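Asker: Sharing work13.pdb, PDB, C-alpha atoms and all ligand atoms:
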ATOM      1  CA  ASP K   1      -1.580 -55.538  66.259
ATOM      2  CA  LEU K   2      -3.100 -58.976  65.761
ATOM      3  CA  SER K   3      -1.167 -60.566  68.602
ATOM      4  CA  GLN K   4      -3.079 -58.449  71.137
ATOM      5  CA  ARG K   5      -5.883 -60.145  73.018
ATOM      6  CA  ALA K   6      -8.941 -58.673  74.692
ATOM      7  CA  ASN K   7      -8.124 -60.519  77.920
ATOM      8  CA  ILE K   8     -11.560 -60.266  79.502
ATOM      9  CA  LYS K   9     -12.264 -63.052  81.953
ATOM     10  CA  GLY K  10     -15.556 -64.297  83.315
ATOM     11  CA  LYS K  11     -18.942 -64.882  81.729
ATOM     12  CA  GLY K  12     -21.576 -62.756  80.077
ATOM     13  CA  GLU K  13     -22.011 -61.098  76.708
ATOM     14  CA  VAL K  14     -18.924 -58.902  76.891
ATOM     15  CA  ALA K  15     -16.700 -61.858  77.750
ATOM     16  CA  GLU K  16     -18.264 -63.872  74.921
ATOM     17  CA  LEU K  17     -17.662 -61.030  72.499
ATOM     18  CA  ALA K  18     -14.070 -60.787  73.691
ATOM     19  CA  GLN K  19     -13.562 -64.520  73.141
ATOM     20  CA  THR K  20     -14.944 -64.278  69.616
ATOM     21  CA  PHE K  21     -12.695 -61.316  68.954
ATOM     22  CA  ASP K  22      -9.643 -63.193  70.212
ATOM     23  CA  MET K  23     -10.515 -66.219  68.103
ATOM     24  CA  MET K  24     -10.889 -64.090  64.975
ATOM     25  CA  CYS K  25      -7.543 -62.397  65.615
ATOM     26  CA  GLY K  26      -5.927 -65.806  65.965
ATOM     27  CA  ARG K  27      -7.431 -66.968  62.682
ATOM     28  CA  ILE K  28      -6.356 -63.872  60.783
ATOM     29  CA  GLN K  29      -2.880 -64.206  62.223
ATOM     30  CA  ASN K  30      -2.786 -67.820  61.108
ATOM     31  CA  MET K  31      -3.932 -66.957  57.591
ATOM     32  CA  ASP K  32      -1.361 -64.210  57.411
ATOM     33  CA  GLN K  33       1.381 -66.598  58.389
ATOM     34  CA  GLN K  34       0.229 -69.205  55.868
ATOM     35  CA  ARG K  35       0.151 -66.621  53.121
ATOM     36  CA  SER K  36       3.665 -65.415  53.830
ATOM     37  CA  GLU K  37       4.927 -69.019  53.998
ATOM     38  CA  PHE K  38       3.314 -69.637  50.637
ATOM     39  CA  VAL K  39       4.972 -66.594  49.079
ATOM     40  CA  SER K  40       8.340 -67.619  50.461
ATOM     41  CA  ASP K  41       7.965 -71.271  49.307
ATOM     42  CA  ALA K  42       6.813 -70.176  45.864
ATOM     43  CA  SER K  43       9.696 -67.731  45.484
ATOM     44  CA  HIS K  44      12.143 -70.411  46.476
ATOM     45  CA  GLU K  45      10.676 -72.830  43.920
ATOM     46  CA  LEU K  46      10.850 -70.199  41.194
ATOM     47  CA  LYS K  47      14.440 -69.371  42.029
ATOM     48  CA  THR K  48      15.627 -72.934  41.477
ATOM     49  CA  PRO K  49      15.086 -73.069  37.692
ATOM     50  CA  LEU K  50      16.288 -69.493  37.437
ATOM     51  CA  ALA K  51      19.542 -70.391  39.173
ATOM     52  CA  SER K  52      20.086 -73.345  36.804
ATOM     53  CA  MET K  53      19.473 -71.127  33.791
ATOM     54  CA  LYS K  54      21.917 -68.531  35.102
ATOM     55  CA  ILE K  55      24.671 -71.140  35.451
ATOM     56  CA  LEU K  56      24.012 -72.500  31.967
ATOM     57  CA  VAL K  57      23.970 -69.059  30.354
ATOM     58  CA  GLU K  58      27.098 -67.905  32.175
ATOM     59  CA  SER K  59      29.044 -70.989  31.259
ATOM     60  CA  MET K  60      28.259 -70.323  27.600
ATOM     61  CA  LEU K  61      28.985 -66.612  27.880
ATOM     62  CA  TYR K  62      32.351 -66.859  29.547
ATOM     63  CA  GLN K  63      33.828 -69.803  27.681
ATOM     64  CA  ASP K  64      35.617 -69.434  24.375
ATOM     65  CA  ASN K  65      35.279 -71.862  21.510
ATOM     66  CA  VAL K  66      32.319 -73.783  22.869
ATOM     67  CA  PRO K  67      31.481 -76.542  20.344
ATOM     68  CA  GLU K  68      28.085 -76.245  18.692
ATOM     69  CA  GLU K  69      26.793 -79.495  20.204
ATOM     70  CA  VAL K  70      27.518 -78.176  23.680
ATOM     71  CA  TYR K  71      25.666 -74.951  22.889
ATOM     72  CA  LYS K  72      22.719 -76.965  21.661
ATOM     73  CA  GLU K  73      22.751 -79.157  24.725
ATOM     74  CA  PHE K  74      22.811 -76.160  27.067
ATOM     75  CA  LEU K  75      20.032 -74.459  25.138
ATOM     76  CA  GLY K  76      17.985 -77.649  25.431
ATOM     77  CA  ASP K  77      18.547 -77.627  29.203
ATOM     78  CA  ILE K  78      17.541 -73.968  29.422
ATOM     79  CA  ASN K  79      14.431 -74.752  27.429
ATOM     80  CA  GLY K  80      13.582 -77.488  29.947
ATOM     81  CA  GLU K  81      13.971 -75.023  32.828
ATOM     82  CA  ILE K  82      11.676 -72.562  31.051
ATOM     83  CA  ASP K  83       9.034 -75.299  30.715
ATOM     84  CA  ARG K  84       9.425 -76.045  34.408
ATOM     85  CA  MET K  85       8.956 -72.397  35.375
ATOM     86  CA  ASN K  86       5.973 -72.229  33.104
ATOM     87  CA  SER K  87       4.190 -75.187  34.721
ATOM     88  CA  LEU K  88       5.063 -73.849  38.151
ATOM     89  CA  ILE K  89       3.526 -70.459  37.367
ATOM     90  CA  THR K  90       0.441 -72.111  35.844
ATOM     91  CA  ASP K  91      -0.054 -74.184  39.021
ATOM     92  CA  LEU K  92       0.604 -71.204  41.291
ATOM     93  CA  LEU K  93      -1.955 -69.101  39.448
ATOM     94  CA  LEU K  94      -4.458 -71.925  39.705
ATOM     95  CA  LEU K  95      -3.915 -72.175  43.463
ATOM     96  CA  SER K  96      -4.091 -68.446  44.009
ATOM     97  CA  LYS K  97      -7.353 -68.355  42.077
ATOM     98  CA  MET K  98      -8.696 -71.117  44.320
ATOM     99  CA  ASP K  99      -7.523 -69.203  47.393
ATOM    100  CA  SER K 100      -9.238 -65.980  46.475
ATOM    101  CA  ASP K 101     -12.855 -65.408  47.392
ATOM    102  CA  ILE K 102     -13.932 -64.907  43.815
ATOM    103  CA  VAL K 103     -13.499 -68.566  43.092
ATOM    104  CA  THR K 104     -16.548 -69.767  41.312
ATOM    105  CA  ILE K 105     -17.500 -73.347  41.081
ATOM    106  CA  ASN K 106     -19.599 -74.019  38.010
ATOM    107  CA  LEU K 107     -21.728 -76.997  38.851
ATOM    108  CA  GLU K 108     -22.939 -79.200  36.046
ATOM    109  CA  ARG K 109     -24.329 -82.692  35.938
ATOM    110  CA  VAL K 110     -21.882 -84.936  34.147
ATOM    111  CA  ARG K 111     -21.144 -88.610  33.632
ATOM    112  CA  ILE K 112     -17.842 -89.509  35.195
ATOM    113  CA  SER K 113     -16.779 -91.616  32.196
ATOM    114  CA  SER K 114     -16.874 -88.607  29.876
ATOM    115  CA  ILE K 115     -14.452 -86.655  32.071
ATOM    116  CA  ILE K 116     -12.091 -89.599  32.481
ATOM    117  CA  ARG K 117     -12.069 -90.283  28.741
ATOM    118  CA  LYS K 118     -11.028 -86.705  28.032
ATOM    119  CA  CYS K 119      -8.155 -86.995  30.511
ATOM    120  CA  ILE K 120      -6.973 -90.272  29.029
ATOM    121  CA  THR K 121      -7.113 -88.975  25.456
ATOM    122  CA  ALA K 122      -4.877 -86.085  26.491
ATOM    123  CA  LEU K 123      -2.416 -88.239  28.432
ATOM    124  CA  GLU K 124      -2.246 -91.327  26.232
ATOM    125  CA  PRO K 125       0.546 -89.941  23.991
ATOM    126  CA  ILE K 126       2.939 -89.485  26.956
ATOM    127  CA  ALA K 127       2.043 -92.950  28.268
ATOM    128  CA  LYS K 128       2.662 -94.515  24.847
ATOM    129  CA  GLU K 129       6.089 -92.907  24.627
ATOM    130  CA  ARG K 130       7.070 -95.009  27.613
ATOM    131  CA  ASN K 131       5.090 -98.050  26.651
ATOM    132  CA  ILE K 132       2.710 -97.667  29.597
ATOM    133  CA  ARG K 133      -0.808 -99.050  29.156
ATOM    134  CA  ILE K 134      -3.782 -97.174  30.580
ATOM    135  CA  LYS K 135      -6.680 -99.543  31.257
ATOM    136  CA  THR K 136     -10.132 -98.510  32.400
ATOM    137  CA  ASP K 137     -13.046-100.169  34.100
ATOM    138  CA  MET K 138     -15.940 -97.751  34.019
ATOM    139  CA  SER K 139     -18.733-100.310  33.979
ATOM    140  CA  ASP K 140     -20.033 -98.698  37.179
ATOM    141  CA  ASN K 141     -20.539 -95.310  35.608
ATOM    142  CA  PHE K 142     -22.208 -92.561  37.670
ATOM    143  CA  GLU K 143     -23.388 -88.992  37.414
ATOM    144  CA  LEU K 144     -21.904 -86.200  39.441
ATOM    145  CA  GLU K 145     -22.779 -82.625  40.123
ATOM    146  CA  CYS K 146     -19.390 -81.015  39.739
ATOM    147  CA  ASP K 147     -17.305 -78.354  38.091
ATOM    148  CA  PRO K 148     -16.212 -80.397  35.063
ATOM    149  CA  LEU K 149     -13.057 -78.396  34.346
ATOM    150  CA  LYS K 150     -11.851 -78.598  37.932
ATOM    151  CA  LEU K 151     -12.643 -82.277  38.244
ATOM    152  CA  ARG K 152     -10.849 -82.909  34.995
ATOM    153  CA  GLN K 153      -7.820 -81.109  36.375
ATOM    154  CA  ALA K 154      -7.847 -83.294  39.492
ATOM    155  CA  ILE K 155      -8.212 -86.590  37.610
ATOM    156  CA  ASN K 156      -5.626 -85.444  35.103
ATOM    157  CA  ASN K 157      -3.105 -84.801  37.892
ATOM    158  CA  LEU K 158      -3.672 -88.272  39.356
ATOM    159  CA  ILE K 159      -3.302 -90.096  36.031
ATOM    160  CA  GLU K 160      -0.326 -87.958  35.057
ATOM    161  CA  ASN K 161       1.401 -88.866  38.337
ATOM    162  CA  ALA K 162       0.582 -92.545  37.869
ATOM    163  CA  ILE K 163       2.384 -92.381  34.514
ATOM    164  CA  LYS K 164       5.281 -90.266  35.821
ATOM    165  CA  TYR K 165       6.045 -92.498  38.763
ATOM    166  CA  THR K 166       5.805 -95.781  36.879
ATOM    167  CA  GLY K 167       8.594 -97.469  34.965
ATOM    168  CA  ASP K 168       8.530 -98.045  31.209
ATOM    169  CA  GLY K 169       6.130-100.789  30.212
ATOM    170  CA  GLY K 170       4.086-100.373  33.409
ATOM    171  CA  HIS K 171       0.325-100.315  33.897
ATOM    172  CA  VAL K 172      -2.146 -97.665  35.014
ATOM    173  CA  THR K 173      -5.739 -98.611  35.762
ATOM    174  CA  VAL K 174      -8.609 -96.196  36.230
ATOM    175  CA  THR K 175     -11.742 -97.602  37.850
ATOM    176  CA  THR K 176     -15.049 -95.975  38.789
ATOM    177  CA  LYS K 177     -17.393 -97.229  41.500
ATOM    178  CA  HIS K 178     -20.257 -95.839  43.468
ATOM    179  CA  HIS K 179     -21.615 -96.848  46.812
ATOM    180  CA  ALA K 180     -23.663 -95.314  49.622
ATOM    181  CA  GLY K 181     -24.072 -91.863  48.088
ATOM    182  CA  GLU K 182     -20.441 -91.542  47.081
ATOM    183  CA  GLY K 183     -18.668 -91.935  43.775
ATOM    184  CA  ALA K 184     -15.051 -93.076  43.662
ATOM    185  CA  ILE K 185     -12.462 -92.660  40.951
ATOM    186  CA  ARG K 186      -9.536 -94.964  41.579
ATOM    187  CA  VAL K 187      -6.206 -94.483  39.830
ATOM    188  CA  GLU K 188      -3.850 -97.393  40.331
ATOM    189  CA  ASP K 189      -0.297 -97.893  39.086
ATOM    190  CA  ASP K 190       2.370-100.574  39.421
ATOM    191  CA  GLY K 191       5.151 -98.019  39.649
ATOM    192  CA  ILE K 192       7.740 -96.941  42.218
ATOM    193  CA  GLY K 193       5.263 -96.398  45.055
ATOM    194  CA  MET K 194       6.424 -94.815  48.303
ATOM    195  CA  SER K 195       6.983 -95.784  51.914
ATOM    196  CA  GLU K 196       4.448 -95.065  54.619
ATOM    197  CA  GLU K 197       6.264 -92.121  56.171
ATOM    198  CA  HIS K 198       5.514 -89.991  53.094
ATOM    199  CA  LEU K 199       1.818 -90.739  52.804
ATOM    200  CA  GLY K 200       0.780 -88.102  55.331
ATOM    201  CA  HIS K 201       2.730 -85.376  53.560
ATOM    202  CA  ILE K 202       2.320 -85.771  49.810
ATOM    203  CA  PHE K 203      -0.743 -83.529  49.690
ATOM    204  CA  GLU K 204       1.199 -80.627  51.212
ATOM    205  CA  ARG K 205       2.334 -78.115  48.665
ATOM    206  CA  PHE K 206       5.876 -78.587  47.327
ATOM    207  CA  TYR K 207       6.342 -81.896  49.152
ATOM    208  CA  ARG K 208       8.155 -84.474  47.028
ATOM    209  CA  VAL K 209       9.417 -87.895  47.992
ATOM    210  CA  ASP K 210      12.308 -87.636  45.576
ATOM    211  CA  LYS K 211      13.140 -84.104  44.467
ATOM    212  CA  ALA K 212      15.398 -85.225  41.645
ATOM    213  CA  ARG K 213      12.775 -87.524  40.146
ATOM    214  CA  SER K 214      10.035 -84.925  40.423
ATOM    215  CA  ARG K 215      12.321 -82.413  38.704
ATOM    216  CA  GLU K 216      13.262 -84.808  35.940
ATOM    217  CA  THR K 217       9.630 -85.427  35.128
ATOM    218  CA  GLY K 218       8.753 -81.736  35.185
ATOM    219  CA  GLY K 219       6.917 -81.895  38.518
ATOM    220  CA  THR K 220       5.965 -78.776  40.432
ATOM    221  CA  GLY K 221       5.179 -80.390  43.785
ATOM    222  CA  LEU K 222       1.730 -78.801  43.608
ATOM    223  CA  GLY K 223      -0.211 -81.448  41.696
ATOM    224  CA  LEU K 224      -1.591 -83.409  44.643
ATOM    225  CA  HIS K 225      -2.209 -80.281  46.695
ATOM    226  CA  ILE K 226      -4.415 -79.065  43.851
ATOM    227  CA  VAL K 227      -6.210 -82.441  43.721
ATOM    228  CA  ARG K 228      -7.009 -82.217  47.426
ATOM    229  CA  ARG K 229      -8.233 -78.633  47.105
ATOM    230  CA  ILE K 230     -10.550 -79.599  44.258
ATOM    231  CA  ALA K 231     -11.841 -82.626  46.184
ATOM    232  CA  LEU K 232     -12.612 -80.489  49.261
ATOM    233  CA  MET K 233     -14.281 -77.854  47.111
ATOM    234  CA  HIS K 234     -16.732 -80.539  45.972
ATOM    235  CA  GLY K 235     -17.320 -81.841  49.483
ATOM    236  CA  GLY K 236     -15.141 -84.870  48.777
ATOM    237  CA  ARG K 237     -11.713 -86.211  49.676
ATOM    238  CA  VAL K 238      -8.705 -88.007  48.240
ATOM    239  CA  ASP K 239      -7.122 -91.104  49.773
ATOM    240  CA  VAL K 240      -3.853 -92.858  49.056
ATOM    241  CA  GLU K 241      -2.432 -96.324  49.571
ATOM    242  CA  SER K 242       1.059 -97.139  48.448
ATOM    243  CA  GLU K 243       3.914 -99.548  48.852
ATOM    244  CA  GLU K 244       7.479 -98.817  47.892
ATOM    245  CA  GLY K 245       8.484-100.677  44.748
ATOM    246  CA  LYS K 246       4.968-102.058  44.241
ATOM    247  CA  GLY K 247       2.816 -99.111  43.209
ATOM    248  CA  SER K 248       0.175 -96.683  44.419
ATOM    249  CA  VAL K 249      -3.577 -96.266  44.489
ATOM    250  CA  PHE K 250      -5.137 -92.817  44.687
ATOM    251  CA  THR K 251      -8.898 -92.639  45.220
ATOM    252  CA  LEU K 252     -10.909 -89.499  44.679
ATOM    253  CA  VAL K 253     -14.211 -89.762  46.536
ATOM    254  CA  LEU K 254     -17.034 -87.339  45.779
ATOM    255  CA  PRO K 255     -20.618 -87.042  46.996
ATOM    256  CA  LEU K 256     -23.179 -88.124  44.413
ATOM    257  CA  VAL K 257     -26.257 -86.332  43.200
ATOM    258  CA  GLN K 258     -29.107 -87.039  45.634
ATOM    259  CA  ASP K 259     -31.326 -89.070  43.350
ATOM    260  CA  THR K 260     -28.616 -91.379  42.008
ATOM    261  CA  GLU K 261     -29.640 -94.956  42.653
ATOM    262  CA  ASP K 262     -27.435 -97.070  44.781
ATOM    263  CA  ILE K 263     -26.698-100.623  43.900
ATOM    264  CA  GLU K 264     -26.075-102.775  46.886
TER     265      GLU K 264
HETATM  266  P1  LIG K 301       5.063 -83.559  41.585
HETATM  267  O1  LIG K 301       4.888 -82.388  40.712
HETATM  268  O2  LIG K 301       6.409 -83.621  42.244
HETATM  269  O3  LIG K 301       4.675 -84.838  40.934
HETATM  270  P2  LIG K 301       2.704 -83.895  43.273
HETATM  271  O4  LIG K 301       2.108 -82.955  44.251
HETATM  272  O5  LIG K 301       1.868 -84.290  42.108
HETATM  273  O6  LIG K 301       4.072 -83.256  42.815
HETATM  274  O7  LIG K 301       3.134 -85.195  44.068
HETATM  275  C1  LIG K 301       3.924 -85.057  45.242
HETATM  276  C2  LIG K 301       4.892 -86.228  45.386
HETATM  277  O8  LIG K 301       4.159 -87.436  45.673
HETATM  278  C3  LIG K 301       5.688 -86.528  44.130
HETATM  279  O9  LIG K 301       6.858 -85.734  44.041
HETATM  280  C4  LIG K 301       6.000 -88.015  44.303
HETATM  281  O10 LIG K 301       7.140 -88.169  45.134
HETATM  282  C5  LIG K 301       4.789 -88.540  45.070
HETATM  283  N1  LIG K 301       3.819 -89.204  44.161
HETATM  284  C6  LIG K 301       2.696 -88.669  43.628
HETATM  285  N2  LIG K 301       2.026 -89.567  42.885
HETATM  286  C7  LIG K 301       2.731 -90.718  42.941
HETATM  287  C8  LIG K 301       2.556 -92.047  42.386
HETATM  288  N3  LIG K 301       1.507 -92.357  41.614
HETATM  289  N4  LIG K 301       3.495 -92.978  42.689
HETATM  290  C9  LIG K 301       4.552 -92.687  43.495
HETATM  291  N5  LIG K 301       4.778 -91.473  44.030
HETATM  292  C10 LIG K 301       3.879 -90.492  43.776
END
Translate the structure described by the file into structure tokens.
Ligand code: ADP
Answerer:
Amino acid sequence: DLSQRANIKGKGEVAELAQTFDMMCGRIQNMDQQRSEFVSDASHELKTPLASMKILVESMLYQDNVPEEVYKEFLGDINGEIDRMNSLITDLLLLSKMDSDIVTINLERVRISSIIRKCITALEPIAKERNIRIKTDMSDNFELECDPLKLRQAINNLIENAIKYTGDGGHVTVTTKHHAGEGAIRVEDDGIGMSEEHLGHIFERFYRVDKARSRETGGTGLGLHIVRRIALMHGGRVDVESEEGKGSVFTLVLPLVQDTEDIE
């Protein structure tokens, strides 16, 4: 029973051992609780698209003479829900892999511009569809020791969000800068932004400012949580500034390779 405590007072080696034991029990208990919360949150998230699909299928099954267009429309909606479940499962698997001890981080020395370019090439088509321009300023290019695939995932999530939460014809700007042993990748948009009360929560898993909007754009509520995990894994962090109706700036800050020169 993890809630039991050794309850040994006083000083000395035995008391110290008891304290360590109690602390470890507390930690395991905490981890256990987090894990079960995660399973329950994830199940809930998976049930939502399933429930929508069930309603759509049943309404087709139990109605006579449904016109073909309506069938097609419902099938299109079901297809959308399947896509949603698929991205959710992909993100969940990614997180569970990061949670497990076998997570390997494959460090390589890479130029930041090459990773960003790959992300932009992949995301440009969805930006173009909505007439959103992605600009870059990578004149301050730097080298990083990182896991290129993971870093690409993190930057991808930030740029993808910048596009998702920006109106048609908007602008997304990606800038790189390095200073004092740190490299920063800044993703700025002139989109919907968000008010201050949300800023402390958006990196929590499944937190969304506007559930309906996140759903519409195929969001899983895990994107930023994954970004933060990847940043921490590299000894870095991710910061956000945002103003409702004006736009947002997300900055991924990572430690640089030791011998990178600093320009002051
Ligand atoms: P989602 O899959 O819902 O996009 P994320 O974890 O990527 O989940 O983001 C969490 C929430 O933070 C989003 O639902 C959205 O409300 C908010 N958000 C993230 N990026 C932006 C942005 N660039 N502009 C405005 N809101 C954002």
Asker: One number please: CA of Thr175 (chain K) to CA of Lys211 (chain K), in Å, one decimal.
Answerer: 29.1 Å
Asker: Is it possible to get the residues within 10 Å of (10.1, -103.7, 35.4) (coordinates as in the file, counting all atoms listed in the file) written as a ChimeraX atom specification?
Answerer: /K:166-170,190-192,245
Asker: Restricted to C-alpha atoms, what would the selected residues look like written as an mmCIF file, in the coordinates of the input?
Answerer:
data_model
loop_
_atom_site.group_PDB
_atom_site.id
_atom_site.type_symbol
_atom_site.label_atom_id
_atom_site.label_comp_id
_atom_site.auth_asym_id
_atom_site.auth_seq_id
_atom_site.Cartn_x
_atom_site.Cartn_y
_atom_site.Cartn_z
ATOM 1 C CA THR K 166 5.805 -95.781 36.879
ATOM 2 C CA GLY K 167 8.594 -97.469 34.965
ATOM 3 C CA ASP K 168 8.530 -98.045 31.209
ATOM 4 C CA GLY K 169 6.130 -100.789 30.212
ATOM 5 C CA GLY K 170 4.086 -100.373 33.409
ATOM 6 C CA ASP K 190 2.370 -100.574 39.421
ATOM 7 C CA GLY K 191 5.151 -98.019 39.649
ATOM 8 C CA ILE K 192 7.740 -96.941 42.218
ATOM 9 C CA GLY K 245 8.484 -100.677 44.748
#
Asker: Quick one: of K:Val240, K:Ala162, K:Leu256, K:Cys119, who's nearest to ligand LIG 301 (chain K), counting only C-alpha atoms and all ligand atoms?
Answerer: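 For ligand LIG 301 (chain K), the nearest of the given residues is K:Ala162.
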Asker: Write out as a list in words which residues come within 8 Å of Asp137 (chain K) when counting all atoms listed in the file, dropping same-chain ones fewer than 2 positions away.
Answerer: Lys135, Ser139, Asp140, Thr173, Val174, Thr175 and Thr176 of chain K
Asker: Calculated over all atoms listed in the file, which of the candidates K:Gln63, K:Asn30, K:Gln4, K:Thr217 has the smallest distance to ligand LIG 301 (chain K)?
Answerer: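 Distance minimum relative to ligand LIG 301 (chain K) lands on K:Thr217.
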Asker: Enclose the full set of atoms of ligand LIG 301 (chain K) listed in the file within a box whose edges lie along x, y and z, apply 5 Å of padding to each of the six sides, and report centre and edge lengths in Å to one decimal as AutoDock Vina command-line options.
Answerer:
--center_x 4.3 --center_y -87.7 --center_z 43.2 --size_x 15.6 --size_y 20.6 --size_z 15.0
Asker: With all atoms listed in the file as the basis for distance, which of K:Glu204, K:Glu241, K:Glu129, K:Asp83 is at the shortest distance from Phe38 (chain K)?
Answerer: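 Of K:Glu204, K:Glu241, K:Glu129, K:Asp83, the one nearest Phe38 (chain K) is K:Glu204, counting all atoms listed in the file.
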Asker: Just the residues within 9 Å of region 163-165 of chain K, please, counting all atoms listed in the file, with nothing from its chain fewer than 6 positions along; format it as a list in words.
Answerer: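 So the residues in contact are Leu123, Ile126, Ala127, Arg130, Ile132, Ile134, His171, Val172, Asp189, Asp190, Gly191, Ile192, Gly193, Arg213, Ser214, Thr217, Gly219 and Gly247 of chain K.
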